[in-house]
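Data first, discussion second: the structure below is written as structure tokens.
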Amino acid sequence: MTIDTVSLALIFMLSILLGFELISKVPSTLHTPLMSGANAISGITLVGALILAGGSESWLGSVLGFLAVTFATINVVGGYLVTNRMFSMFKEKKREDHDRSH
Amino acid sequence: MTIDTVSLALIFMLSILLGFELISKVPSTLHTPLMSGANAISGITLVGALILAGGSESWLGSVLGFLAVTFATINVVGGYLVTNRMFSMFKEKKREDHDRSH
Amino acid sequence: MIEAINWFYILAAFLFALGLKQLSSPATARRGNLLSATAMLIAVGVTLFDQQIIDFRWILGGVLLGATIGLLAARLVAMTAMPEMVALLNGFGGVASLLVGWGEYVNIMDLGSFVAVATFLAVLIGGVTFSGSLIAWAKLRDFWIGNFGIGKPILFRGQQVFNSMLLLAILISGVMFALDPVQGYTPFLIVIALALLLGIMAVIPIGGADMPVVISLLNSYSGLAACAAGFVIQNNILIVAGSMVGAAGLILTSIMCKAMNRSLSNVLFSGFGSVVTAGSDRVEGEVKPISASDSYLLLEASSSVVFVPGYGLAVAQAQHAVRELSDLLENNGCEVRFAIHPVAGRMPGHMNVLLAEADVPYDQLVEMDDINPSMDSVDVCVVIGANDVVNPAAKEDEASPIYGMPIIEVERARTVIVMKRSMATGFAGIENPLFYKSNTRMLFGDAKKSLQALVAEFKQ
Amino acid sequence: MIEAINWFYILAAFLFALGLKQLSSPATARRGNLLSATAMLIAVGVTLFDQQIIDFRWILGGVLLGATIGLLAARLVAMTAMPEMVALLNGFGGVASLLVGWGEYVNIMDLGSFVAVATFLAVLIGGVTFSGSLIAWAKLRDFWIGNFGIGKPILFRGQQVFNSMLLLAILISGVMFALDPVQGYTPFLIVIALALLLGIMAVIPIGGADMPVVISLLNSYSGLAACAAGFVIQNNILIVAGSMVGAAGLILTSIMCKAMNRSLSNVLFSGFGSVVTAGSDRVEGEVKPISASDSYLLLEASSSVVFVPGYGLAVAQAQHAVRELSDLLENNGCEVRFAIHPVAGRMPGHMNVLLAEADVPYDQLVEMDDINPSMDSVDVCVVIGANDVVNPAAKEDEASPIYGMPIIEVERARTVIVMKRSMATGFAGIENPLFYKSNTRMLFGDAKKSLQALVAEFKQ
Amino acid sequence: ESDRKETRIPLLPDSAVRLIEAGARIRIETGLGSDLGWSDEEYREAGVEVVSDRTQLLSEADIVFRVRKPDAAEIDRYRKGSLHIGFLDPFDERALLRKFSEAGVDAIAMEMIPRTTRAQKMDALSSQANLGGYVGVILAAGMSKKIFPMMTTPSGTIAPARVFVIGAGVAGLQAIATAKRLGAIVEAYDTRPVVEEQVRSLGGRFVKFDIGETGETEQGYARELTEEQLARQRESMAKHCEKSDVVITTAQVFGKKAPRIVTAEMVKRMKPGSLLVDLAVESGGNVEGSRLDEVVDVNGVRIIGFSNLPGKAPLNASQMYSNNLTGLILEFWDKEEKRFQMNLEDEILNGCVVVHEGEIRHEMFR
Amino acid sequence: ESDRKETRIPLLPDSAVRLIEAGARIRIETGLGSDLGWSDEEYREAGVEVVSDRTQLLSEADIVFRVRKPDAAEIDRYRKGSLHIGFLDPFDERALLRKFSEAGVDAIAMEMIPRTTRAQKMDALSSQANLGGYVGVILAAGMSKKIFPMMTTPSGTIAPARVFVIGAGVAGLQAIATAKRLGAIVEAYDTRPVVEEQVRSLGGRFVKFDIGETGETEQGYARELTEEQLARQRESMAKHCEKSDVVITTAQVFGKKAPRIVTAEMVKRMKPGSLLVDLAVESGGNVEGSRLDEVVDVNGVRIIGFSNLPGKAPLNASQMYSNNLTGLILEFWDKEEKRFQMNLEDEILNGCVVVHEGEIRHEMFR
Ligand SMILES: NC(=O)c1ccc[n+]([C@@H]2O[C@H](COP(=O)([O-])OP(=O)(O)OC[C@H]3O[C@@H](n4cnc5c(N)ncnc54)[C@H](OP(=O)(O)O)[C@@H]3O)[C@@H](O)[C@H]2O)c1
Ligand SMILES: NC(=O)c1ccc[n+]([C@@H]2O[C@H](COP(=O)([O-])OP(=O)(O)OC[C@H]3O[C@@H](n4cnc5c(N)ncnc54)[C@H](OP(=O)(O)O)[C@@H]3O)[C@@H](O)[C@H]2O)c1
Ligand SMILES: NC(=O)c1ccc[n+]([C@@H]2O[C@H](COP(=O)([O-])OP(=O)(O)OC[C@H]3O[C@@H](n4cnc5c(N)ncnc54)[C@H](O)[C@@H]3O)[C@@H](O)[C@H]2O)c1
Ligand SMILES: NC(=O)c1ccc[n+]([C@@H]2O[C@H](COP(=O)([O-])OP(=O)(O)OC[C@H]3O[C@@H](n4cnc5c(N)ncnc54)[C@H](O)[C@@H]3O)[C@@H](O)[C@H]2O)c1
């Protein structure tokens, strides 16, 4: 099932380049939300954790997998929710501004 | 030797995204050179042509390969040289402008 | 061995990406071209070590022949003939992909269905690129030299029906081929033939002046053809480089369309349109809005711009913004003038007050009577919050209450950009047919904001 | 089955890329987050169909536990504690990658050398991220609440030596493990321990105020850790998403550094620096140039800006440009004032003429005596072609020919950006120590050009 | 064919050339342009005949150009059936109109040119009011004890002058623009609400009082206010005058006496040293106590009531007036017959020809 | 402690407050500020004593503020050992200085305040010249037969006026700025090349003639030109004057008679109707034929030679002058002893105290 490493490396290189290009100018108000959003994405390691937790035959592997799933899930769930909360805060703020201007 | 198609598809997707991101704003003076430069890159099919021309056992395959190599080489060599000529033209123009301002 | 080759391919892919990025900025474009050439050298060089290659004779012959032709062509072609040259080279790239697909098929015959589809695409796109590019080349020569008669759009009755049939035929042959590649040589050859025909049919209805856009599009196609060929021979570098160029070419094409104030579909299908609905939009016309970034592309590519300020300039207090834009245009090598109508604004000399405040040099101010004769040679006329003073009804419509008032005849410029907030009327309260002319684009919004957006575009 | 999963992975990768792009623009950020969440759902969902997964009990437990904790944490955390929360979550992501690497090793033991290296990296980066994030979290709590004592940089003698040793030890253990994974369990555990220690050591010398930058960097690391884990289990989506986030996080980190007018190395190693060379630059200092785009980041993030125009503004005729910049800043929610020194320029009222021409509202003009008392609370003071009138020598240096002249005390602002063409002196012909102050940045070039570049940055 | 009395003149050599090209024969009184720098010689070069005898001129001309109204006596010397063009002040000079009709001389009153878009090139009221607004401010700047712009200097900061413009028609807008150029803080008031945007487009602040409904007539002139509106207006007005250094009034109502806007009481409340410039003084004045061609000092507040302000920039005023007359003639010139076509169907001529064929034909003056 | 004679006054209530806070006792002549709108009452509120007897005032004061030089006779009424501060015109009024020294009255000439950065707040020459430049242009705009700005109107396009400013010191620069504000095309000339950039920074065009080396003294004043340079200058100058509608001259050389720059012949070549404003008329005039406080008409070209232009904006001129004097006093005020410290070591006082302890101490006048 091993995909050849060269393809992986190529994929890695392309993703890195894409990551660099995707973000260029970020207004300061978005710094924290973007960080948080990116952090949630890095919880993708959950996929690995799932495979580990579900596929281990050793007890140690399973425990490690269980821990990995737990932590990764916290990261994913918490990350997306926190990011979303930040955005809803923005919206409220804007509405306030709007209200004030009337 | 077949790399699995899924990896190829992923690579394809990433490259397409990267291609979209790489180019965003091009001053009109660069339209033609950029087109020409990109055209030269698309001569990469030469690599395929080489494999075909060098690896065919049938006579037809070899002839097709030969033609492919010929055409692709014209594209590559001509493309890069033409692009380069365009840039040297720019340079001269700039120098002229410069000279005039003195 | 093959693994080492692939590592080099990754390096080449990286360099291609870098090169392409650098190609799109004036400061680094030259370097970008060199980078991409280096990448090509690496990719081609390491390929020669591929185990699949057992016989170098054909290769040597092809490379030598191709290099010689390429070298001579690049050396000898006149500077003015560069766009044609690119078209031709591009066609060769396309046909090479076609040949690769064909050859691979000939060698293996028993293709997997995925590879079969890829082969079909490589042949189809390659073929269209090839014949399309040749036609584009021919049209361009005609456009420049003018003895061939192919430069103009070539149209005939039933063209659209014919093209639809063609597409259908290609599709059917393709399916037949892909379902059973071993038996499918005939449908395959039919696909090749039809692809070539399609390329021709697609390009002939388009006028020579639009060829650069077509070439750019075909250029994107040839990238995709290479990519498809990559799928055929399962080669990374072809896929990466080909699809990257394909995507980038598409972006470039749309940029070029906007700089000509056309949409892509307008370019590709305008020929058909002109048979069916010729002249119909001359009578009424429709309002065509434009975005600031598209206006930028228009202005950036023009060499003569006239600003026509009106009361809206004053309301928006956009005098400084227009001054800045005019400076930027001048730095871009464009001739900039301001045409002042005697009754523009709400007070005699209203525009003068504003433009003097923004320190627009007096010698850039041109009076109505002086600008009108030279209006035909103006690339873009930017009407900033003026309405009545550029209303062609004053010339054309005897029933109009302002009939007889001299106006600035902006509608005679190649393109007119009108900046105003809405379709509302001006002081005289009458409709303005200018807004419906085919060469008019409306940039809606506060004039200052629009101008500032344009300025921002100019600075990236 | 696995192929189908991989196709979904490609879809997820695409959505991640799109989501990340949209996250970086205010108009689409919310949508971007949803897209990326969808991508995550897809990726996780299809993974459950992986044939490798045979036992769902551990998974179910982990997911339920993790989801509950994550939900509660996100719900209950106070809005002001968001950055800490992000740090903590990030740490969990890091440790998960570490555990994945560890678990995979435990399961297989006999790793290929490539996979071994990947495992080493996953564990190392994951470990550093985990412990570093925890420290950052602790520092932030302290910073906000202030009862822990960890908020301040923690420094001790020999810290640099210790850290170098640590790195070396990690490297040696890593090599031992990678060379013979089957026998390498002990060095592997050592790597884990040392990685955790390294994370702690790297973050403790950094002050609490710099934590956002550190978190952003660690965030980039956790992406890379996920990517390394991807290499370990040979999983595309981990590699793509992880490396994309890693790269994007790096860019974001450098953007944040610039908005704080710091370099990354300055943030990471400032703690060390302050032990070794404390106070030395207070005496002489050095000229620190800044680019227009970095100045933009500074201005964009500030809430109170004071412009100090001088003769250079007049020479550059930059009045309109500064007006435009000031409008943009105001729209950005920033308080903008112009401080006018009585002798700025070459004629009494010189600045007034210019600023009136650009229609700067009179109530934005502040006199010297009124601005100086509030200078400490100004985020950025932009000195535009002024020199003598902001020369602290007039206050500090009794020998100076201008000693005793009242000046605008810009050096008391948090950051000073000085726009001038060179280090040349002004009318009085004397050196200006302001240019060497630690909080001063020089934006060299014609003032109008610099201002226009800033305006362009503001409009992207 | 022309004569004159004041600083402005009705015809410049440039315009003469245009008329002569169209086929007219032109004669002027000798020395017409000499004060403004155009010698008789220059007129002759343009093709104009220079005549020294005014009586002869008048008695032979088909069309007479003039800036101001003529003496009643002079009208007798006109040829019967000839046409007089110039400012006539027809609302106040009914007698003069009668004189014209008796003498059988047609008369066009430049005041009566309708304010349509097409007529703008002949609109002398606008062209002269425009200059008046400019001159009014220059005059005020010259007489003010304060300078207009703000100056931050080592010898203290000079606050910008506050200029309050009442009535933002053509003259008022130009006054706003000019004062703004000099760096003053400019406020303006007008009863027509559409003007607000126009004032702001020149960088001035528009002052609003709540005085109920107002409006403008079809031709863009202001409607007269009711007595109650005027009272409310006065109340708020006083406060604005008080804080201003210079008040410039340009309010007029077409065909009526100018509204009395600034009362004596308001003047009294103003700061000593401040100025009032009354541009409406010729039609009665907006300021109580303003007197024609005089500077009245009320407790240190000076009220300037100079008439004929455009005449203080006589060169440009004449240039514009001359262009207006030329525009009018050429608009109705019959190129074949080389004569002026008295087409009374036309909206413009219908509006401005007050006396025709011995009859006062304009309905407003019958 | 003050008195007065002209439109400007040397002390405003604001400044008085600052001096009184520092511990001075101040008395003024009654009615000092009444023309400019400050009543005696306001002065009293500021803590000033208002006295009606000038002789008493003078004989009791330690320091006397004044705008212009006093009558020789008046000096006798001063208390011996007292200090007079004001413009003295010391280069032309040696006799007056002698009178001061005989009377044992110390004297500070405001003209002599050195032009260092520190002394700028007391630099009355600059503050008044600055206003002079502004007033000069306003005056020219008021008297010109053309308007300054360009106007594109339906009644023809009015070309902007051309203003030529000769001498771009403090007054010249302000003149450039003001004329530019009004929309004129402004050209300027000065012998000091550093001025070029300053002129351009105000939107003016700098005119260069090739006249060889020139320069400025340490204090920023212009050096005198050689006779040959002047001749060459005149040649090119004539051409520029010819095409200008308004010429404003401000050229001065410190302590010398103003250079004669515009000759009678140049004036003759100018267009009739154009204007010359000679701001240097008090020190001899830059224009040949300019006469103090008169308008001279030479073939339709008017030469305006009004003196004391800052006095035409008396409010601001007084304000600035008052601030200058206050700045001077406070710079050398001894807060403990509440008296003025005559520290002749100091660069500033060394420069401006011309008479001290019965002796003309300044080297330039000995
Ligand atoms: N010059 C004079 O002395 C004088 C005096 C009185 C009257 N007039 C009359 O005024 C008219 C002048 O013609 P004109 O072409 O200058 O003006 P106009 O015909 O009145 O048209 C002005 C246009 O500007 C647009 N506009 C207003 N505010 C804007 C903003 N902030 N940003 C962008 N666009 C804005 C308006 O359209 P949107 O609302 O859609 O934005 C309007 O259609 C003539 O009819 C003339 O006869 C002239
Ligand atoms: N206000 C008055 O009435 C008056 C009259 C006479 C003299 N002064 C004296 O003038 C001085 C005024 O102080 P200040 O701070 O306004 O000016 P300053 O001290 O003369 O400094 C002006 C600075 O602007 C820079 N500059 C020039 N052109 C520029 C351009 N195009 N873009 C960017 N920068 C430019 C120059 O540096 P680079 O060359 O490196 O760019 C120069 O250091 C005081 O010393 C004052 O005493 C004032
Ligand atoms: N159609 C055209 O092209 C055209 C040509 C010229 C002028 N106009 C319009 O005609 C309008 C009037 O021109 P005008 O300057 O000759 O008018 P005007 O001289 O008759 O009046 C001057 C101004 O005074 C104002 N006013 C009247 N009574 C007032 C009061 N009680 N308080 C305050 N203000 C009062 C009027 O509203 C007007 O704006 C202008 O606004 C102009 O837009 C239109
Ligand atoms: N150090 C300071 O802070 C400070 C303060 C005030 C003024 N200054 C400088 O002093 C300079 C002179 O000030 P001023 O206005 O009182 O000078 P001024 O009144 O003595 O002279 C006016 C101008 O006339 C010019 N001039 C002299 N002879 C001329 C000739 N033959 N032709 C043409 N021009 C001639 C001079 O160069 C000067 O610019 C100013 O430029 C100013 O920069 C410096």
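Convention: chains lettered A, B, ... in structure tokens order; per-chain residue numbering from 1; ligands numbered from 1 as shown.
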Checklist entry - In segment 37-239 of chain F, what's alpha helix (DSSP H) per DSSP? Answer as an NGL selection string? => result :F and (40-46 or 54-60 or 72-75 or 94-103 or 124-143 or 170-181 or 195-201 or 227-239)
Next on the checklist: Please find the residues of chain F near chain D - the criterion being any atom within 7 Å, counting only C-alpha atoms - and write them as a PyMOL selection string.
Outcome noted: chain F and resi 117-118+130+170+173-174+197-198+200-202
Checklist entry - Neighbours of ligand 4 within 6 Å, counting only C-alpha atoms and all ligand atoms, as a ChimeraX atom specification? => result /D:346 /F:115-117,120,126,166-171,190-192,220-222,250-254,259
Contacts between ligand 3 and chain F, please, where a residue of chain F counts if it comes within 12 Å (with only C-alpha atoms and all ligand atoms); show its shortest atom pair and distance in Å to one decimal, rows by chain and ascending number, as JSON lines.
{"residue": "F:Thr153", "atom": "CA", "partner": "ligand 3", "partner_atom_place_in_ligand_line": "5 (C)", "distance": 10.9}
{"residue": "F:Pro154", "atom": "CA", "partner": "ligand 3", "partner_atom_place_in_ligand_line": "5 (C)", "distance": 9.6}
{"residue": "F:Ser155", "atom": "CA", "partner": "ligand 3", "partner_atom_place_in_ligand_line": "5 (C)", "distance": 11.4}
Item to check | chain E residues near chain F (7 Å cut-off, only C-alpha atoms) as number ranges by chain | outcome: E: 36-37, 120-121, 127, 138-139, 141-142, 144-147, 154-156, 158, 181-182, 272-273, 312-316, 320, 323-324
Can you write out the residues you just picked, keeping N, CA and C atoms, as an mmCIF file, in the first residue's frame?
data_model
loop_
_atom_site.group_PDB
_atom_site.id
_atom_site.type_symbol
_atom_site.label_atom_id
_atom_site.label_comp_id
_atom_site.auth_asym_id
_atom_site.auth_seq_id
_atom_site.Cartn_x
_atom_site.Cartn_y
_atom_site.Cartn_z
ATOM 1 N N LEU E 36 -8.939 99.295 -21.578
ATOM 2 C CA LEU E 36 -8.653 97.891 -21.285
ATOM 3 C C LEU E 36 -7.504 97.361 -22.136
ATOM 4 N N GLY E 37 -6.884 98.242 -22.897
ATOM 5 C CA GLY E 37 -5.684 97.806 -23.601
ATOM 6 C C GLY E 37 -5.916 97.446 -25.052
ATOM 7 N N GLN E 120 -27.051 79.030 -22.345
ATOM 8 C CA GLN E 120 -26.003 79.389 -21.390
ATOM 9 C C GLN E 120 -24.910 80.268 -21.980
ATOM 10 N N LYS E 121 -24.656 80.113 -23.265
ATOM 11 C CA LYS E 121 -23.552 80.904 -23.819
ATOM 12 C C LYS E 121 -23.918 82.380 -23.958
ATOM 13 N N SER E 127 -22.689 85.130 -16.322
ATOM 14 C CA SER E 127 -21.268 85.396 -16.532
ATOM 15 C C SER E 127 -20.811 86.558 -15.666
ATOM 16 N N ILE E 138 -12.393 88.975 -3.144
ATOM 17 C CA ILE E 138 -11.100 89.668 -3.198
ATOM 18 C C ILE E 138 -11.201 91.003 -2.470
ATOM 19 N N LEU E 139 -12.310 91.684 -2.692
ATOM 20 C CA LEU E 139 -12.558 92.955 -2.029
ATOM 21 C C LEU E 139 -12.566 92.767 -0.521
ATOM 22 N N ALA E 141 -11.263 90.349 1.187
ATOM 23 C CA ALA E 141 -9.933 89.978 1.681
ATOM 24 C C ALA E 141 -9.068 91.218 1.804
ATOM 25 N N GLY E 142 -9.221 92.114 0.855
ATOM 26 C CA GLY E 142 -8.412 93.333 0.884
ATOM 27 C C GLY E 142 -8.800 94.250 2.026
ATOM 28 N N SER E 144 -10.441 93.293 4.879
ATOM 29 C CA SER E 144 -10.516 92.648 6.185
ATOM 30 C C SER E 144 -9.271 92.961 7.007
ATOM 31 N N LYS E 145 -9.481 93.059 8.315
ATOM 32 C CA LYS E 145 -8.321 93.268 9.181
ATOM 33 C C LYS E 145 -7.606 91.960 9.476
ATOM 34 N N LYS E 146 -8.249 90.854 9.119
ATOM 35 C CA LYS E 146 -7.633 89.544 9.317
ATOM 36 C C LYS E 146 -7.250 88.956 7.964
ATOM 37 N N ILE E 147 -6.267 88.097 7.974
ATOM 38 C CA ILE E 147 -5.995 87.371 6.741
ATOM 39 C C ILE E 147 -6.923 86.168 6.694
ATOM 40 N N PRO E 154 5.999 80.624 14.078
ATOM 41 C CA PRO E 154 6.662 80.785 15.378
ATOM 42 C C PRO E 154 6.096 81.977 16.151
ATOM 43 N N SER E 155 5.455 82.918 15.476
ATOM 44 C CA SER E 155 4.872 84.065 16.166
ATOM 45 C C SER E 155 3.411 83.805 16.484
ATOM 46 N N GLY E 156 3.053 82.578 16.689
ATOM 47 C CA GLY E 156 1.674 82.268 17.047
ATOM 48 C C GLY E 156 0.903 81.725 15.873
ATOM 49 N N ILE E 158 -2.298 81.736 13.525
ATOM 50 C CA ILE E 158 -3.384 82.587 13.074
ATOM 51 C C ILE E 158 -4.534 81.682 12.650
ATOM 52 N N ARG E 181 -10.414 78.907 -1.613
ATOM 53 C CA ARG E 181 -9.061 78.912 -2.177
ATOM 54 C C ARG E 181 -8.107 79.675 -1.292
ATOM 55 N N LEU E 182 -8.587 80.774 -0.733
ATOM 56 C CA LEU E 182 -7.705 81.588 0.103
ATOM 57 C C LEU E 182 -7.520 80.966 1.479
ATOM 58 N N PRO E 272 -16.841 93.561 16.164
ATOM 59 C CA PRO E 272 -16.245 94.743 15.536
ATOM 60 C C PRO E 272 -15.063 94.294 14.685
ATOM 61 N N GLY E 273 -14.869 94.957 13.585
ATOM 62 C CA GLY E 273 -13.781 94.584 12.698
ATOM 63 C C GLY E 273 -14.237 93.664 11.593
ATOM 64 N N LYS E 312 -15.021 95.525 -11.708
ATOM 65 C CA LYS E 312 -13.690 95.622 -11.106
ATOM 66 C C LYS E 312 -12.738 94.619 -11.733
ATOM 67 N N ALA E 313 -13.246 93.746 -12.534
ATOM 68 C CA ALA E 313 -12.374 92.901 -13.353
ATOM 69 C C ALA E 313 -12.798 93.148 -14.795
ATOM 70 N N PRO E 314 -12.672 94.384 -15.245
ATOM 71 C CA PRO E 314 -13.333 94.811 -16.486
ATOM 72 C C PRO E 314 -12.880 94.021 -17.703
ATOM 73 N N LEU E 315 -11.644 93.588 -17.685
ATOM 74 C CA LEU E 315 -11.132 92.884 -18.845
ATOM 75 C C LEU E 315 -11.929 91.605 -19.072
ATOM 76 N N ASN E 316 -12.033 90.789 -18.036
ATOM 77 C CA ASN E 316 -12.726 89.528 -18.187
ATOM 78 C C ASN E 316 -14.230 89.721 -18.302
ATOM 79 N N MET E 320 -16.379 88.305 -21.411
ATOM 80 C CA MET E 320 -17.507 87.383 -21.292
ATOM 81 C C MET E 320 -18.781 88.003 -21.841
ATOM 82 N N ASN E 323 -18.684 87.922 -25.487
ATOM 83 C CA ASN E 323 -18.981 86.575 -25.980
ATOM 84 C C ASN E 323 -20.467 86.261 -25.875
ATOM 85 N N ASN E 324 -21.099 86.730 -24.801
ATOM 86 C CA ASN E 324 -22.530 86.485 -24.643
ATOM 87 C C ASN E 324 -23.316 87.135 -25.772
#
Please give the complete set of residues from segment 106-326 of chain E that DSSP, run on the backbone, assigns to strand (DSSP E or B), formatted as an mmCIF file with C-alpha atoms, in the first residue's frame.
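Final output, out23.cif:
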data_model
loop_
_atom_site.group_PDB
_atom_site.id
_atom_site.type_symbol
_atom_site.label_atom_id
_atom_site.label_comp_id
_atom_site.auth_asym_id
_atom_site.auth_seq_id
_atom_site.Cartn_x
_atom_site.Cartn_y
_atom_site.Cartn_z
ATOM 1 C CA ASP E 106 -36.773 96.869 -30.495
ATOM 2 C CA ALA E 107 -35.042 95.972 -27.260
ATOM 3 C CA ILE E 108 -33.524 92.828 -25.831
ATOM 4 C CA ALA E 109 -32.928 92.774 -22.078
ATOM 5 C CA MET E 151 -0.959 79.983 9.536
ATOM 6 C CA THR E 152 1.006 78.128 12.144
ATOM 7 C CA THR E 153 4.059 80.285 12.693
ATOM 8 C CA GLY E 156 1.674 82.268 17.047
ATOM 9 C CA THR E 157 -1.033 80.506 15.148
ATOM 10 C CA ILE E 158 -3.384 82.587 13.074
ATOM 11 C CA ARG E 162 -14.708 82.515 8.786
ATOM 12 C CA VAL E 163 -16.609 83.516 5.694
ATOM 13 C CA PHE E 164 -20.364 83.157 5.545
ATOM 14 C CA VAL E 165 -21.951 83.292 2.114
ATOM 15 C CA ILE E 166 -25.677 83.891 1.988
ATOM 16 C CA ILE E 185 -13.512 78.363 6.573
ATOM 17 C CA VAL E 186 -16.516 78.868 4.356
ATOM 18 C CA GLU E 187 -20.125 78.400 5.326
ATOM 19 C CA ALA E 188 -23.016 79.042 3.035
ATOM 20 C CA TYR E 189 -26.730 79.309 3.250
ATOM 21 C CA ARG E 205 -20.102 73.842 4.730
ATOM 22 C CA PHE E 206 -23.813 74.206 4.111
ATOM 23 C CA GLU E 216 -37.160 77.050 -6.932
ATOM 24 C CA ALA E 222 -35.530 81.041 -5.961
ATOM 25 C CA VAL E 246 -16.808 88.151 6.647
ATOM 26 C CA VAL E 247 -20.394 87.832 5.481
ATOM 27 C CA ILE E 248 -21.105 87.933 1.765
ATOM 28 C CA THR E 249 -24.708 88.185 0.648
ATOM 29 C CA VAL E 262 -29.257 90.602 7.469
ATOM 30 C CA LEU E 275 -17.134 92.851 7.203
ATOM 31 C CA LEU E 276 -20.346 92.550 5.249
ATOM 32 C CA VAL E 277 -20.252 92.540 1.474
ATOM 33 C CA ASP E 278 -23.659 93.057 -0.077
ATOM 34 C CA VAL E 287 -28.234 93.875 4.378
ATOM 35 C CA VAL E 295 -18.915 101.651 2.983
ATOM 36 C CA VAL E 296 -21.093 102.035 6.043
ATOM 37 C CA ASP E 297 -19.475 101.595 9.427
ATOM 38 C CA VAL E 298 -21.753 100.329 12.202
ATOM 39 C CA VAL E 301 -18.664 96.484 11.411
ATOM 40 C CA ARG E 302 -18.300 97.664 7.851
ATOM 41 C CA ILE E 303 -21.022 97.096 5.272
ATOM 42 C CA ILE E 304 -19.686 97.258 1.757
#
Next on the checklist: Using only C-alpha atoms and a distance of at most 10 Å, pull out the residues of chain C that contact chain D, as a PyMOL selection string.
Outcome noted: chain C and resi 317+319-321+323-324+356-359+452-460
Checklist entry - Once you count only C-alpha atoms, which residues of chain A turn out to be within 12 Å of chain C? Could you give them as a VMD selection string? => result chain A and resid 4 to 18 20 to 21
Item to check | Distance query Ala241 of chain D at most 9 Å, only C-alpha atoms, self and fewer than 6 positions along chain excluded, as a ChimeraX atom specification | outcome: /A:15,41-42,44 /D:12-13,16-17,223,226-227
Checklist entry - What lies within 6 Å of Gly104 of chain E using only C-alpha atoms, ignoring chain neighbours under 2 positions off, as a ChimeraX atom specification? => result /E:80-81,101-102,357-358
Would you write out those residues with N, CA and C atoms, as a tab-separated table (two decimals), in the first residue's frame?
chain	number	residue	atom	x	y	z
E	80	LYS	N	-35.39	104.09	-36.31
E	80	LYS	CA	-36.61	103.33	-36.05
E	80	LYS	C	-36.45	101.91	-36.62
E	81	GLY	N	-36.91	100.92	-35.87
E	81	GLY	CA	-36.76	99.53	-36.34
E	81	GLY	C	-35.44	98.91	-35.98
E	101	SER	N	-40.60	101.64	-26.90
E	101	SER	CA	-41.74	101.31	-27.74
E	101	SER	C	-42.21	102.53	-28.51
E	102	GLU	N	-42.13	103.68	-27.84
E	102	GLU	CA	-42.54	104.89	-28.54
E	102	GLU	C	-41.61	105.19	-29.72
E	357	GLU	N	-41.51	95.96	-32.32
E	357	GLU	CA	-42.40	96.69	-33.21
E	357	GLU	C	-43.30	97.65	-32.46
E	358	GLY	N	-42.63	98.47	-31.66
E	358	GLY	CA	-43.34	99.55	-31.00
E	358	GLY	C	-44.23	99.11	-29.86
